[in-house]
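Note: the block below is start34.txt and it holds compact mmCIF, C-alpha atoms.
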# COMPACT_ATOMS: atom_id res chain seq x y z
CA MET C 82 0.00 0.00 0.00
CA ILE C 83 1.10 3.57 -0.73
CA LEU C 84 -0.19 6.57 1.22
CA LEU C 85 0.04 10.08 -0.20
CA LYS C 86 -0.11 12.45 2.78
CA ASN C 87 -1.02 16.15 2.91
CA ALA C 88 -2.00 16.30 -0.76
CA THR C 89 -3.99 18.89 -2.63
CA VAL C 90 -6.16 16.53 -4.65
CA VAL C 91 -7.33 17.90 -7.99
CA ASN C 92 -10.46 16.56 -9.66
CA LYS C 93 -12.57 18.09 -12.40
CA ASP C 94 -14.99 19.54 -9.85
CA GLY C 95 -12.40 21.22 -7.65
CA MET C 96 -9.60 20.71 -5.16
CA THR C 97 -9.58 19.20 -1.68
CA GLU C 98 -6.95 18.78 1.03
CA SER C 99 -6.82 15.01 1.49
CA ASP C 100 -4.67 11.96 1.87
CA VAL C 101 -4.85 9.25 -0.78
CA LEU C 102 -4.39 5.55 -0.01
CA MET C 103 -3.58 3.18 -2.84
CA ASP C 104 -4.08 -0.51 -2.19
CA GLY C 105 -2.87 -2.52 -5.16
CA GLU C 106 -4.32 -1.35 -8.46
CA PHE C 107 -7.04 0.83 -6.96
CA ILE C 108 -7.57 3.83 -4.74
CA SER C 109 -9.01 2.55 -1.48
CA LEU C 110 -9.57 5.80 0.41
CA VAL C 111 -9.47 9.57 -0.14
CA THR C 112 -9.95 11.56 3.04
CA PRO C 113 -7.92 13.73 5.43
CA ASN C 114 -5.77 12.25 8.20
CA ILE C 115 -5.45 8.66 7.03
CA GLU C 116 -3.30 6.43 9.22
CA CYS C 117 -2.33 3.10 7.74
CA PHE C 118 0.23 0.88 9.47
CA GLY C 119 2.69 -0.65 7.04
CA ALA C 120 1.94 1.66 4.10
CA GLU C 121 4.72 3.44 2.25
CA VAL C 122 4.18 7.12 3.05
CA ILE C 123 4.96 9.91 0.55
CA ASP C 124 4.62 13.45 1.86
CA CYS C 125 2.85 15.63 -0.73
CA GLU C 126 2.85 18.87 1.22
CA GLY C 127 2.66 21.73 -1.29
CA LYS C 128 2.06 19.33 -4.17
CA LEU C 129 -0.88 18.94 -6.54
CA VAL C 130 -2.14 15.38 -7.00
CA PHE C 131 -3.94 14.80 -10.31
CA PRO C 132 -5.50 11.73 -11.86
CA GLY C 133 -3.03 10.34 -14.39
CA PHE C 134 -3.14 12.27 -17.64
CA ILE C 135 -4.66 10.60 -20.71
CA ASP C 136 -3.30 11.48 -24.14
CA MET C 137 -5.90 10.86 -26.85
CA HIS C 138 -3.51 11.62 -29.68
CA CYS C 139 0.13 10.67 -30.03
CA HIS C 140 2.38 8.97 -32.56
CA LEU C 141 4.61 6.13 -31.40
CA ARG C 142 5.89 5.21 -34.90
CA ASP C 143 5.79 1.47 -34.18
CA PRO C 144 5.70 -0.56 -36.39
CA GLY C 145 7.90 0.65 -39.21
CA GLN C 146 9.61 3.83 -38.03
CA THR C 147 11.22 2.84 -34.77
CA HIS C 148 14.21 5.06 -35.44
CA LYS C 149 11.83 7.91 -34.52
CA GLU C 150 10.09 6.22 -31.56
CA ASP C 151 8.94 2.81 -30.40
CA ILE C 152 6.47 1.44 -27.88
CA GLU C 153 9.09 1.24 -25.13
CA SER C 154 10.57 4.71 -25.56
CA GLY C 155 7.16 6.28 -26.13
CA GLY C 156 5.81 4.71 -22.96
CA ARG C 157 8.73 6.04 -20.94
CA ALA C 158 8.28 9.50 -22.46
CA ALA C 159 4.62 9.37 -21.53
CA LEU C 160 5.42 8.62 -17.89
CA ALA C 161 7.96 11.46 -17.81
CA GLY C 162 5.14 13.77 -18.90
CA GLY C 163 2.65 12.43 -16.34
CA PHE C 164 0.64 10.44 -18.89
CA THR C 165 -0.49 7.10 -17.51
CA THR C 166 -2.61 6.27 -20.57
CA VAL C 167 -1.79 7.08 -24.19
CA CYS C 168 -3.62 6.38 -27.44
CA CYS C 169 -1.38 6.06 -30.48
CA MET C 170 -2.46 6.99 -33.97
CA PRO C 171 -2.46 4.39 -36.76
CA ASN C 172 -0.33 6.11 -39.42
CA THR C 173 2.50 3.67 -38.93
CA LYS C 174 4.23 1.65 -41.65
CA PRO C 175 2.21 -0.43 -42.33
CA PRO C 176 -0.86 1.35 -40.94
CA LEU C 177 -2.91 -0.13 -38.10
CA ASP C 178 -5.78 -1.09 -40.42
CA ASN C 179 -6.44 -4.65 -39.26
CA ALA C 180 -6.87 -6.66 -36.08
CA GLN C 181 -3.39 -8.21 -36.24
CA ALA C 182 -1.60 -4.86 -36.39
CA VAL C 183 -3.80 -3.41 -33.64
CA GLY C 184 -3.19 -6.47 -31.47
CA TYR C 185 0.58 -6.16 -31.93
CA VAL C 186 0.62 -2.61 -30.56
CA ARG C 187 -1.69 -3.42 -27.66
CA ALA C 188 0.39 -6.45 -26.65
CA ALA C 189 3.67 -4.57 -27.02
CA GLY C 190 2.33 -1.83 -24.79
CA VAL C 191 1.36 -4.30 -22.09
CA ARG C 192 4.79 -5.97 -22.27
CA SER C 193 6.61 -2.65 -21.94
CA GLY C 194 5.13 -2.05 -18.49
CA ASN C 195 5.20 1.72 -18.79
CA ALA C 196 2.14 3.86 -19.54
CA ASP C 197 -0.97 1.97 -20.60
CA ILE C 198 -0.97 2.09 -24.41
CA PHE C 199 -4.10 1.78 -26.53
CA PRO C 200 -3.88 1.63 -30.33
CA ILE C 201 -6.24 3.60 -32.54
CA GLY C 202 -7.28 1.73 -35.68
CA CYS C 203 -7.57 3.19 -39.17
CA ILE C 204 -10.87 4.35 -40.61
CA THR C 205 -9.95 3.19 -44.12
CA ARG C 206 -7.66 0.45 -45.41
CA GLY C 207 -4.16 1.74 -45.88
CA GLN C 208 -5.53 5.18 -45.02
CA ASN C 209 -6.45 5.41 -48.70
CA GLY C 210 -9.80 7.04 -47.98
CA ASP C 211 -12.07 4.57 -49.75
CA GLU C 212 -12.69 1.12 -48.20
CA LEU C 213 -13.66 1.06 -44.53
CA CYS C 214 -11.70 -1.15 -42.16
CA GLU C 215 -13.30 -3.87 -40.05
CA PHE C 216 -14.04 -1.78 -36.99
CA GLY C 217 -15.48 -4.65 -34.93
CA LYS C 218 -12.44 -6.90 -35.34
CA MET C 219 -10.06 -4.04 -34.54
CA LYS C 220 -12.04 -3.20 -31.41
CA ALA C 221 -11.87 -6.83 -30.28
CA ALA C 222 -8.09 -6.72 -30.78
CA GLY C 223 -7.74 -3.66 -28.55
CA ALA C 224 -8.50 -0.56 -30.65
CA ILE C 225 -9.93 2.20 -28.49
CA ALA C 226 -11.00 4.45 -31.37
CA VAL C 227 -10.66 4.90 -35.15
CA SER C 228 -8.94 7.64 -37.11
CA ASP C 229 -7.06 8.25 -40.33
CA ASP C 230 -4.99 10.91 -38.59
CA GLY C 231 -2.18 12.19 -40.76
CA VAL C 232 -4.38 11.74 -43.81
CA PRO C 233 -7.88 13.29 -43.85
CA VAL C 234 -10.81 11.30 -45.18
CA ALA C 235 -11.42 13.29 -48.35
CA SER C 236 -14.71 11.70 -49.38
CA GLY C 237 -17.76 13.00 -47.56
CA ALA C 238 -19.61 9.78 -48.41
CA VAL C 239 -16.91 7.63 -46.87
CA MET C 240 -16.80 9.79 -43.74
CA PHE C 241 -20.59 9.71 -43.44
CA ASN C 242 -20.60 5.90 -43.60
CA ALA C 243 -17.64 5.69 -41.21
CA LEU C 244 -19.48 7.77 -38.63
CA LYS C 245 -22.49 5.46 -38.75
CA TYR C 246 -20.28 2.36 -38.68
CA ALA C 247 -18.28 3.61 -35.70
CA LYS C 248 -21.50 4.35 -33.85
CA THR C 249 -22.60 0.75 -34.38
CA PHE C 250 -19.50 -0.53 -32.60
CA GLY C 251 -19.37 2.18 -29.95
CA LEU C 252 -15.99 3.41 -31.17
CA PRO C 253 -15.07 7.10 -31.01
CA LEU C 254 -14.14 8.48 -34.42
CA LEU C 255 -11.28 10.98 -34.32
CA SER C 256 -11.16 13.18 -37.39
CA HIS C 257 -8.11 14.82 -38.91
CA SER C 258 -10.18 17.59 -40.48
CA GLU C 259 -8.26 19.09 -43.37
CA ASP C 260 -9.12 19.90 -46.97
CA LYS C 261 -5.95 18.95 -48.84
CA SER C 262 -7.11 20.77 -51.95
CA ILE C 263 -6.85 23.99 -49.92
CA SER C 264 -3.72 23.26 -47.91
CA ALA C 265 -2.02 21.87 -51.03
CA ASN C 266 1.75 22.03 -50.59
CA GLY C 267 1.76 24.64 -47.83
CA VAL C 268 4.15 24.33 -44.90
CA VAL C 269 3.16 27.19 -42.53
CA ASN C 270 0.16 29.36 -41.73
CA ALA C 271 -0.76 31.62 -44.63
CA GLY C 272 -0.11 35.22 -43.67
CA GLU C 273 2.51 37.90 -43.20
CA ASN C 274 5.10 35.62 -41.65
CA ALA C 275 4.81 33.08 -44.44
CA THR C 276 5.32 35.86 -46.97
CA ALA C 277 8.27 37.31 -45.05
CA CYS C 278 9.94 33.88 -44.94
CA GLY C 279 9.16 32.99 -48.53
CA LEU C 280 7.32 29.84 -47.39
CA ARG C 281 4.12 28.44 -48.86
CA GLY C 282 1.09 29.17 -46.72
CA ILE C 283 -1.79 26.99 -45.52
CA PRO C 284 -5.02 29.01 -45.32
CA LYS C 285 -7.05 28.61 -42.14
CA ALA C 286 -9.98 27.47 -44.27
CA ALA C 287 -8.12 24.23 -44.99
CA GLU C 288 -8.99 23.25 -41.43
CA SER C 289 -12.19 25.14 -40.68
CA ALA C 290 -14.01 24.15 -43.89
CA ALA C 291 -13.26 20.49 -43.18
CA VAL C 292 -14.35 20.86 -39.55
CA ALA C 293 -17.66 22.31 -40.75
CA ARG C 294 -18.16 19.39 -43.15
CA ASP C 295 -17.36 16.76 -40.55
CA VAL C 296 -19.59 18.33 -37.90
CA LEU C 297 -22.50 18.51 -40.34
CA LEU C 298 -21.98 14.90 -41.38
CA ALA C 299 -22.01 13.77 -37.76
CA GLU C 300 -25.18 15.77 -37.17
CA GLU C 301 -26.87 14.18 -40.18
CA ALA C 302 -25.72 10.69 -39.17
CA GLY C 303 -26.83 11.11 -35.57
CA ALA C 304 -23.33 10.05 -34.58
CA SER C 305 -20.55 11.37 -32.40
CA ILE C 306 -17.34 12.89 -33.73
CA HIS C 307 -14.12 14.11 -32.15
CA ILE C 308 -12.15 16.77 -34.01
CA CYS C 309 -8.38 16.48 -33.70
CA HIS C 310 -5.80 19.27 -33.19
CA VAL C 311 -8.03 22.36 -33.50
CA SER C 312 -5.89 25.42 -34.30
CA THR C 313 -8.12 28.20 -35.67
CA SER C 314 -10.62 30.64 -34.24
CA GLU C 315 -13.08 29.67 -36.98
CA SER C 316 -12.94 26.01 -35.97
CA VAL C 317 -13.65 26.95 -32.36
CA ASP C 318 -16.67 29.01 -33.46
CA ILE C 319 -18.02 26.17 -35.63
CA ILE C 320 -17.72 23.64 -32.81
CA ARG C 321 -19.20 26.00 -30.23
CA SER C 322 -22.21 26.60 -32.48
CA ALA C 323 -22.64 22.88 -33.13
CA LYS C 324 -22.59 22.07 -29.43
CA ARG C 325 -25.26 24.69 -28.77
CA ARG C 326 -27.61 23.00 -31.20
CA GLY C 327 -26.98 19.58 -29.70
CA VAL C 328 -24.49 17.97 -32.07
CA SER C 329 -22.46 15.23 -30.37
CA VAL C 330 -19.08 16.78 -31.11
CA THR C 331 -15.96 16.99 -28.98
CA CYS C 332 -12.58 18.37 -29.88
CA GLU C 333 -9.00 18.71 -28.78
CA THR C 334 -6.22 21.21 -29.12
CA CYS C 335 -2.51 20.90 -28.35
CA PRO C 336 -0.11 22.95 -26.22
CA HIS C 337 1.61 24.49 -29.22
CA TYR C 338 -1.68 26.02 -30.39
CA PHE C 339 -2.25 27.99 -27.18
CA ALA C 340 1.36 28.70 -26.26
CA ALA C 341 3.00 29.72 -29.55
CA THR C 342 2.25 31.64 -32.73
CA ASP C 343 3.64 31.50 -36.23
CA ASP C 344 6.28 34.01 -35.13
CA GLU C 345 8.23 30.85 -34.28
CA ILE C 346 8.86 30.22 -37.98
CA LEU C 347 10.73 33.50 -38.47
CA SER C 348 13.98 31.80 -37.44
CA TYR C 349 13.23 28.88 -39.79
CA ASN C 350 13.13 26.56 -36.78
CA THR C 351 11.91 23.28 -38.28
CA ASN C 352 10.57 22.20 -34.87
CA ALA C 353 7.94 24.89 -35.49
CA LYS C 354 6.81 23.09 -38.65
CA ILE C 355 3.61 21.43 -37.47
CA ASN C 356 0.36 20.33 -39.12
CA PRO C 357 -2.00 22.10 -38.64
CA PRO C 358 0.47 24.97 -38.56
CA LEU C 359 1.04 27.42 -35.75
CA ARG C 360 -1.43 30.27 -36.20
CA THR C 361 -1.76 33.93 -35.16
CA ALA C 362 -2.14 35.58 -31.77
CA ASP C 363 -5.88 35.96 -32.43
CA ASP C 364 -6.20 32.21 -32.97
CA VAL C 365 -4.25 31.53 -29.78
CA GLU C 366 -6.64 33.72 -27.80
CA ALA C 367 -9.64 31.98 -29.37
CA ILE C 368 -8.22 28.57 -28.42
CA ILE C 369 -7.67 29.73 -24.84
CA GLU C 370 -11.22 31.08 -24.68
CA GLY C 371 -12.49 27.75 -25.99
CA LEU C 372 -10.53 25.87 -23.34
CA ALA C 373 -11.92 28.11 -20.62
CA ASP C 374 -15.59 27.94 -21.68
CA GLY C 375 -15.66 24.21 -22.43
CA THR C 376 -15.88 24.41 -26.21
CA VAL C 377 -12.51 22.67 -26.41
CA ASP C 378 -12.79 19.46 -24.43
CA VAL C 379 -9.30 18.00 -24.38
CA ILE C 380 -5.63 18.94 -24.42
CA ALA C 381 -3.80 16.26 -26.40
CA THR C 382 -0.12 16.22 -27.31
CA ASP C 383 -0.07 15.19 -30.99
CA HIS C 384 3.38 13.91 -30.00
CA ALA C 385 5.19 13.59 -33.33
CA PRO C 386 8.78 12.43 -32.79
CA HIS C 387 11.32 12.59 -35.61
CA HIS C 388 14.98 11.72 -35.95
CA PHE C 389 17.39 14.64 -35.70
CA ASP C 390 18.58 14.21 -39.28
CA GLU C 391 15.03 14.44 -40.62
CA LYS C 392 14.43 17.81 -38.99
CA ASN C 393 17.93 19.14 -39.66
CA VAL C 394 17.16 20.12 -43.27
CA GLU C 395 15.67 23.06 -45.16
CA PHE C 396 12.26 24.07 -43.80
CA ASP C 397 10.36 22.91 -46.89
CA TYR C 398 11.78 19.38 -46.64
CA ALA C 399 11.45 18.81 -42.91
CA PRO C 400 8.56 16.58 -41.72
CA PHE C 401 5.70 18.12 -39.75
CA GLY C 402 5.55 17.65 -36.00
CA THR C 403 6.96 18.35 -32.57
CA SER C 404 7.77 16.02 -29.70
CA GLY C 405 5.18 16.76 -27.04
CA LEU C 406 4.62 14.09 -24.39
CA GLU C 407 7.19 15.38 -21.90
CA THR C 408 6.25 19.06 -21.98
CA ALA C 409 2.46 19.11 -22.42
CA PHE C 410 1.46 19.46 -18.78
CA SER C 411 4.08 22.08 -17.91
CA VAL C 412 3.25 24.16 -21.00
CA ALA C 413 -0.45 24.00 -20.11
CA TYR C 414 0.19 24.81 -16.45
CA THR C 415 2.51 27.70 -17.29
CA ARG C 416 0.40 29.21 -20.06
CA LEU C 417 -3.07 28.55 -18.68
CA VAL C 418 -3.11 27.98 -14.92
CA ALA C 419 -0.23 30.20 -13.79
CA THR C 420 -1.77 33.07 -15.80
CA ASP C 421 -5.25 32.48 -14.28
CA CYS C 422 -6.86 31.63 -17.62
CA ILE C 423 -8.16 28.38 -16.12
CA LYS C 424 -8.07 26.62 -12.74
CA PRO C 425 -6.20 23.40 -11.88
CA SER C 426 -9.57 21.60 -11.87
CA ASP C 427 -10.13 22.75 -15.46
CA LEU C 428 -6.76 21.30 -16.41
CA CYS C 429 -7.83 18.02 -14.79
CA ARG C 430 -10.94 18.07 -16.94
CA LEU C 431 -8.95 18.76 -20.08
CA MET C 432 -6.14 16.26 -19.54
CA SER C 433 -7.73 13.51 -17.45
CA SER C 434 -11.50 13.32 -16.97
CA MET C 435 -12.77 14.34 -20.42
CA PRO C 436 -10.38 12.09 -22.35
CA ALA C 437 -11.48 9.24 -20.07
CA GLU C 438 -15.13 10.04 -20.72
CA ILE C 439 -14.78 10.30 -24.49
CA LEU C 440 -12.80 7.05 -24.69
CA GLY C 441 -15.05 5.13 -22.32
CA LEU C 442 -12.32 4.60 -19.71
CA THR C 443 -14.72 4.88 -16.81
CA ASP C 444 -12.23 3.78 -14.13
CA ARG C 445 -9.77 6.61 -14.89
CA GLY C 446 -9.59 10.38 -14.88
CA LYS C 447 -10.59 10.81 -11.23
CA ILE C 448 -9.19 10.44 -7.75
CA GLU C 449 -11.86 8.74 -5.69
CA THR C 450 -12.44 5.50 -3.82
CA GLY C 451 -12.56 2.55 -6.21
CA ALA C 452 -10.93 4.34 -9.15
CA ARG C 453 -7.87 2.91 -10.84
CA ALA C 454 -4.75 4.12 -9.04
CA ASP C 455 -3.30 6.14 -11.93
CA ILE C 456 -1.95 9.25 -10.24
CA VAL C 457 0.54 12.02 -10.99
CA VAL C 458 2.09 14.29 -8.35
CA ILE C 459 3.12 17.82 -9.37
CA ASP C 460 5.30 20.44 -7.72
CA PRO C 461 3.53 23.56 -9.02
CA ASP C 462 6.18 26.03 -7.89
CA THR C 463 9.25 24.46 -9.47
CA GLU C 464 10.47 26.25 -12.58
CA TYR C 465 12.75 24.45 -15.00
CA THR C 466 14.23 24.87 -18.45
CA VAL C 467 13.25 22.33 -21.09
CA ASP C 468 16.23 20.30 -22.26
CA ALA C 469 15.10 18.21 -25.20
CA ALA C 470 18.40 16.34 -25.27
CA SER C 471 17.40 14.72 -21.96
CA PHE C 472 13.99 13.50 -23.18
CA LYS C 473 13.07 9.85 -22.68
CA SER C 474 11.55 10.01 -26.16
CA LYS C 475 13.75 9.30 -29.15
CA GLY C 476 12.25 12.46 -30.62
CA LYS C 477 14.26 15.46 -29.43
CA ASN C 478 12.44 17.76 -31.89
CA SER C 479 10.73 19.97 -29.32
CA LEU C 480 9.30 23.39 -30.13
CA PHE C 481 9.69 24.14 -26.42
CA ASP C 482 13.39 23.30 -26.13
CA GLY C 483 14.98 26.02 -23.98
CA TRP C 484 11.66 27.39 -22.68
CA LYS C 485 11.27 28.07 -18.96
CA LEU C 486 8.20 26.29 -17.59
CA LYS C 487 6.48 25.79 -14.25
CA GLY C 488 4.97 22.61 -12.85
CA LYS C 489 7.40 19.74 -12.34
CA ILE C 490 6.21 16.15 -12.28
CA THR C 491 7.67 14.40 -9.23
CA ASN C 492 5.85 11.04 -8.97
CA VAL C 493 3.79 8.89 -11.33
CA PHE C 494 1.76 5.83 -10.40
CA VAL C 495 0.18 3.34 -12.81
CA LYS C 496 -2.22 0.88 -11.20
CA GLY C 497 -0.75 1.76 -7.85
CA GLU C 498 2.85 1.10 -8.87
CA GLN C 499 5.29 3.99 -8.70
CA LYS C 500 7.12 4.34 -12.00
CA SER C 501 10.59 5.65 -12.69
CA ILE C 502 10.53 9.01 -14.47
Whole structure given in structure tokens:
Amino acid sequence: MILLKNATVVNKDGMTESDVLMDGEFISLVTPNIECFGAEVIDCEGKLVFPGFIDMHCHLRDPGQTHKEDIESGGRAALAGGFTTVCCMPNTKPPLDNAQAVGYVRAAGVRSGNADIFPIGCITRGQNGDELCEFGKMKAAGAIAVSDDGVPVASGAVMFNALKYAKTFGLPLLSHSEDKSISANGVVNAGENATACGLRGIPKAAESAAVARDVLLAEEAGASIHICHVSTSESVDIIRSAKRRGVSVTCETCPHYFAATDDEILSYNTNAKINPPLRTADDVEAIIEGLADGTVDVIATDHAPHHFDEKNVEFDYAPFGTSGLETAFSVAYTRLVATDCIKPSDLCRLMSSMPAEILGLTDRGKIETGARADIVVIDPDTEYTVDAASFKSKGKNSLFDGWKLKGKITNVFVKGEQKSI
């Protein structure tokens, strides 16, 4: 048994001063002044104790690109970032478009013994956008959701059928909403900075038009949809409006979309090359407003690790993506909580309880008696400088390398077992 003493326990509904007793895989008691003979005692005075974070959207590159990341390294990176559960996208090589591939990732995650890893299966075979995968068989093999992330489903008819099919099997559908005919060969946000750098721009409509289509299709199908990596003010407005009229839509954003703007590209830093691209200050403020008012449901990482050599090229030729598992909480705490944009309980909702709810992980995302003992302990006052070279992830390509952040993760527990971070 492990006893966390003098903790400030953070749940989605608020904070309480309590002790937390973990007995095996579960939380057995949450109340002040627990005395338990024989328990290992950890003093959490001055610390925040959150339910383990759940990342709905990361890339572990396994199978096929393990020089970038693998199940083992990704799981260790997740723990270092306070994530006790991660869901990995299927755009591997080959893609996770069948039960065997899904089963491989799920089994490898269990064997690694780090964060709990759930694979997300493809919507379409080979992510080609035409033939639907066998959702039922992938779910039986361990898929927690379906997505063609990395490649949008271009056909409205295919997406419409996928939404209905996913509903049949009770699988969340996570949409990479992008109109490739608009984004074309762009590499950064279309605007003044793109022009100044001589880089091809991606108009905001490439995202927002696709978000509007996908929301309307879900509404017509009477199905649920989750919109990935929202980056524009227009997308936030579309989703807010849809929620008000009762559409079953949820969405996520990522730390880079509320902590950075496309000013980051002015130095041609390829770690700032991300898809969707970094946007303007107005978009950042809209994202923060959406996080505060509940329009944006989840903070996900979109952890996209790459090898150093792949990013160390001309901006046009570098792959999209930034390594995000190990910095997500601290960026969110620094940018949102420490500036009083949201409360710690809101951050719990965004990083723990809502992801658990959307994914159907009913035993997680909360610190209460009987819940799974996935817990992260935070020192909110510690400030540190991000050193990407020290990441557990193979991907050192961090936009936040060198940034000063607050909120240091000190302890992580998965099913009541303290993990090395």
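The set of protein, DNA and RNA residues with any counted atom at most 7 Å from (13.5, 8.4, -31.4) (only C-alpha atoms) reads C:Thr147, C:His148, C:Lys149, C:Glu150, C:Pro386, C:His387, C:His388, C:Ser474, C:Lys475, C:Gly476.
Considering the residues C:Ala452, C:Ile201, C:Val317, C:Ala161 and counting all atoms listed in the file, C:Leu102 has its shortest atom-to-atom contact with C:Ala452.
For the residues C:Ser305, C:Ser471, C:Thr165, C:Gln499, ranking by smallest atom-to-atom distance to C:Phe250 using only C-alpha atoms places C:Ser305 first.
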Per residue of stretch 331-368 of chain C within 12 Å of stretch 217-238 of chain C, note the shortest atom pair and the distance in Å to one decimal, counting only C-alpha atoms, and order the rows by chain and increasing residue number, as CSV.
residue,atom,partner,partner_atom,distance
C:Ile355,CA,C:Gly231,CA,11.4
C:Asn356,CA,C:Gly231,CA,8.7
C:Pro357,CA,C:Gly231,CA,10.1
Query raised in the report: For C:Phe401, which of C:Ser479, C:Asn114, C:Ser501, C:Ser154 is the closest residue, counting only C-alpha atoms?
Result: C:Ser479
Query raised in the report: Any idea what's packed within 12 Å of C:Val101, counting all atoms listed in the file, ignoring anything in its chain fewer than 2 positions away? Could you give it as a PyMOL selection string?
Result: chain C and resi 82-91+97-99+103-104+107-117+120-125+129-132+448-452+454-458+497
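Neighbours of C:Ile439 closer than or equal to 9 Å, with only C-alpha atoms counted and sequence neighbours fewer than 3 positions away skipped, come out as Pro253, His307, Thr331, Ser434, Met435, Pro436 and Leu442 of chain C.
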Query raised in the report: Can you list, as a ChimeraX atom specification, every protein, DNA or RNA residue that comes within 6 Å of stretch 459-465 of chain C when you count all atoms listed in the file, leaving out same-chain residues fewer than 4 positions away?
Result: /C:128-129,485-491
Requested in this report: Counting only C-alpha atoms, select every polymer residue within 9 Å of (5.6, 36.4, -37.2) as defined in the file's coordinates, and provide the selection as an NGL selection string.
Outcome: :C and (272-275 or 277 or 342-347 or 361)
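Pairwise distance (atom CA of C:Thr403, atom CA of C:His384) equals 6.3 Å.
Straight-line separation from atom CA of C:Asn350 to atom CA of C:Gly402: 11.7 Å.
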Query - 7 Å contact set for stretch 263-268 of chain C, only C-alpha atoms, chain neighbours under 4 positions out, as number ranges by chain - result: C: 280-284, 287, 354, 397
Requested in this report: Identify, on the basis of only C-alpha atoms, every residue whose closest approach to C:Ala158 does not exceed 9 Å; exclude the query and any residue fewer than 3 positions from it along the same chain; express the result as an MDAnalysis selection string.
Outcome: chainID C and resid 153:155 161:164 196 406:407 472:475 502
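Across the model, the gap from atom CA of C:Ser322 to atom CA of C:Ile423 is 21.6 Å.
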Counting only C-alpha atoms, give me one row per residue of stretch 286-401 of chain C with an atom at most 9 Å from an atom of stretch 136-146 of chain C, showing the shortest contact pair and its distance in Å to one decimal, sorted by chain then residue number, as a Markdown table.
| residue | atom | partner | partner_atom | distance |
| --- | --- | --- | --- | --- |
| C:Cys309 | CA | C:His138 | CA | 8.0 |
| C:His310 | CA | C:His138 | CA | 8.7 |
| C:Glu333 | CA | C:Met137 | CA | 8.7 |
| C:Val379 | CA | C:Met137 | CA | 8.3 |
| C:Ile380 | CA | C:Asp136 | CA | 7.8 |
| C:Ala381 | CA | C:Asp136 | CA | 5.3 |
| C:Thr382 | CA | C:Cys139 | CA | 6.2 |
| C:Asp383 | CA | C:Cys139 | CA | 4.6 |
| C:His384 | CA | C:Cys139 | CA | 4.6 |
| C:Ala385 | CA | C:His140 | CA | 5.5 |
| C:Pro386 | CA | C:His140 | CA | 7.3 |
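Among the candidates C:Asp378, C:Asp94, C:Glu106, C:Glu438, the one nearest to C:Cys335 when counting only C-alpha atoms is C:Asp378.
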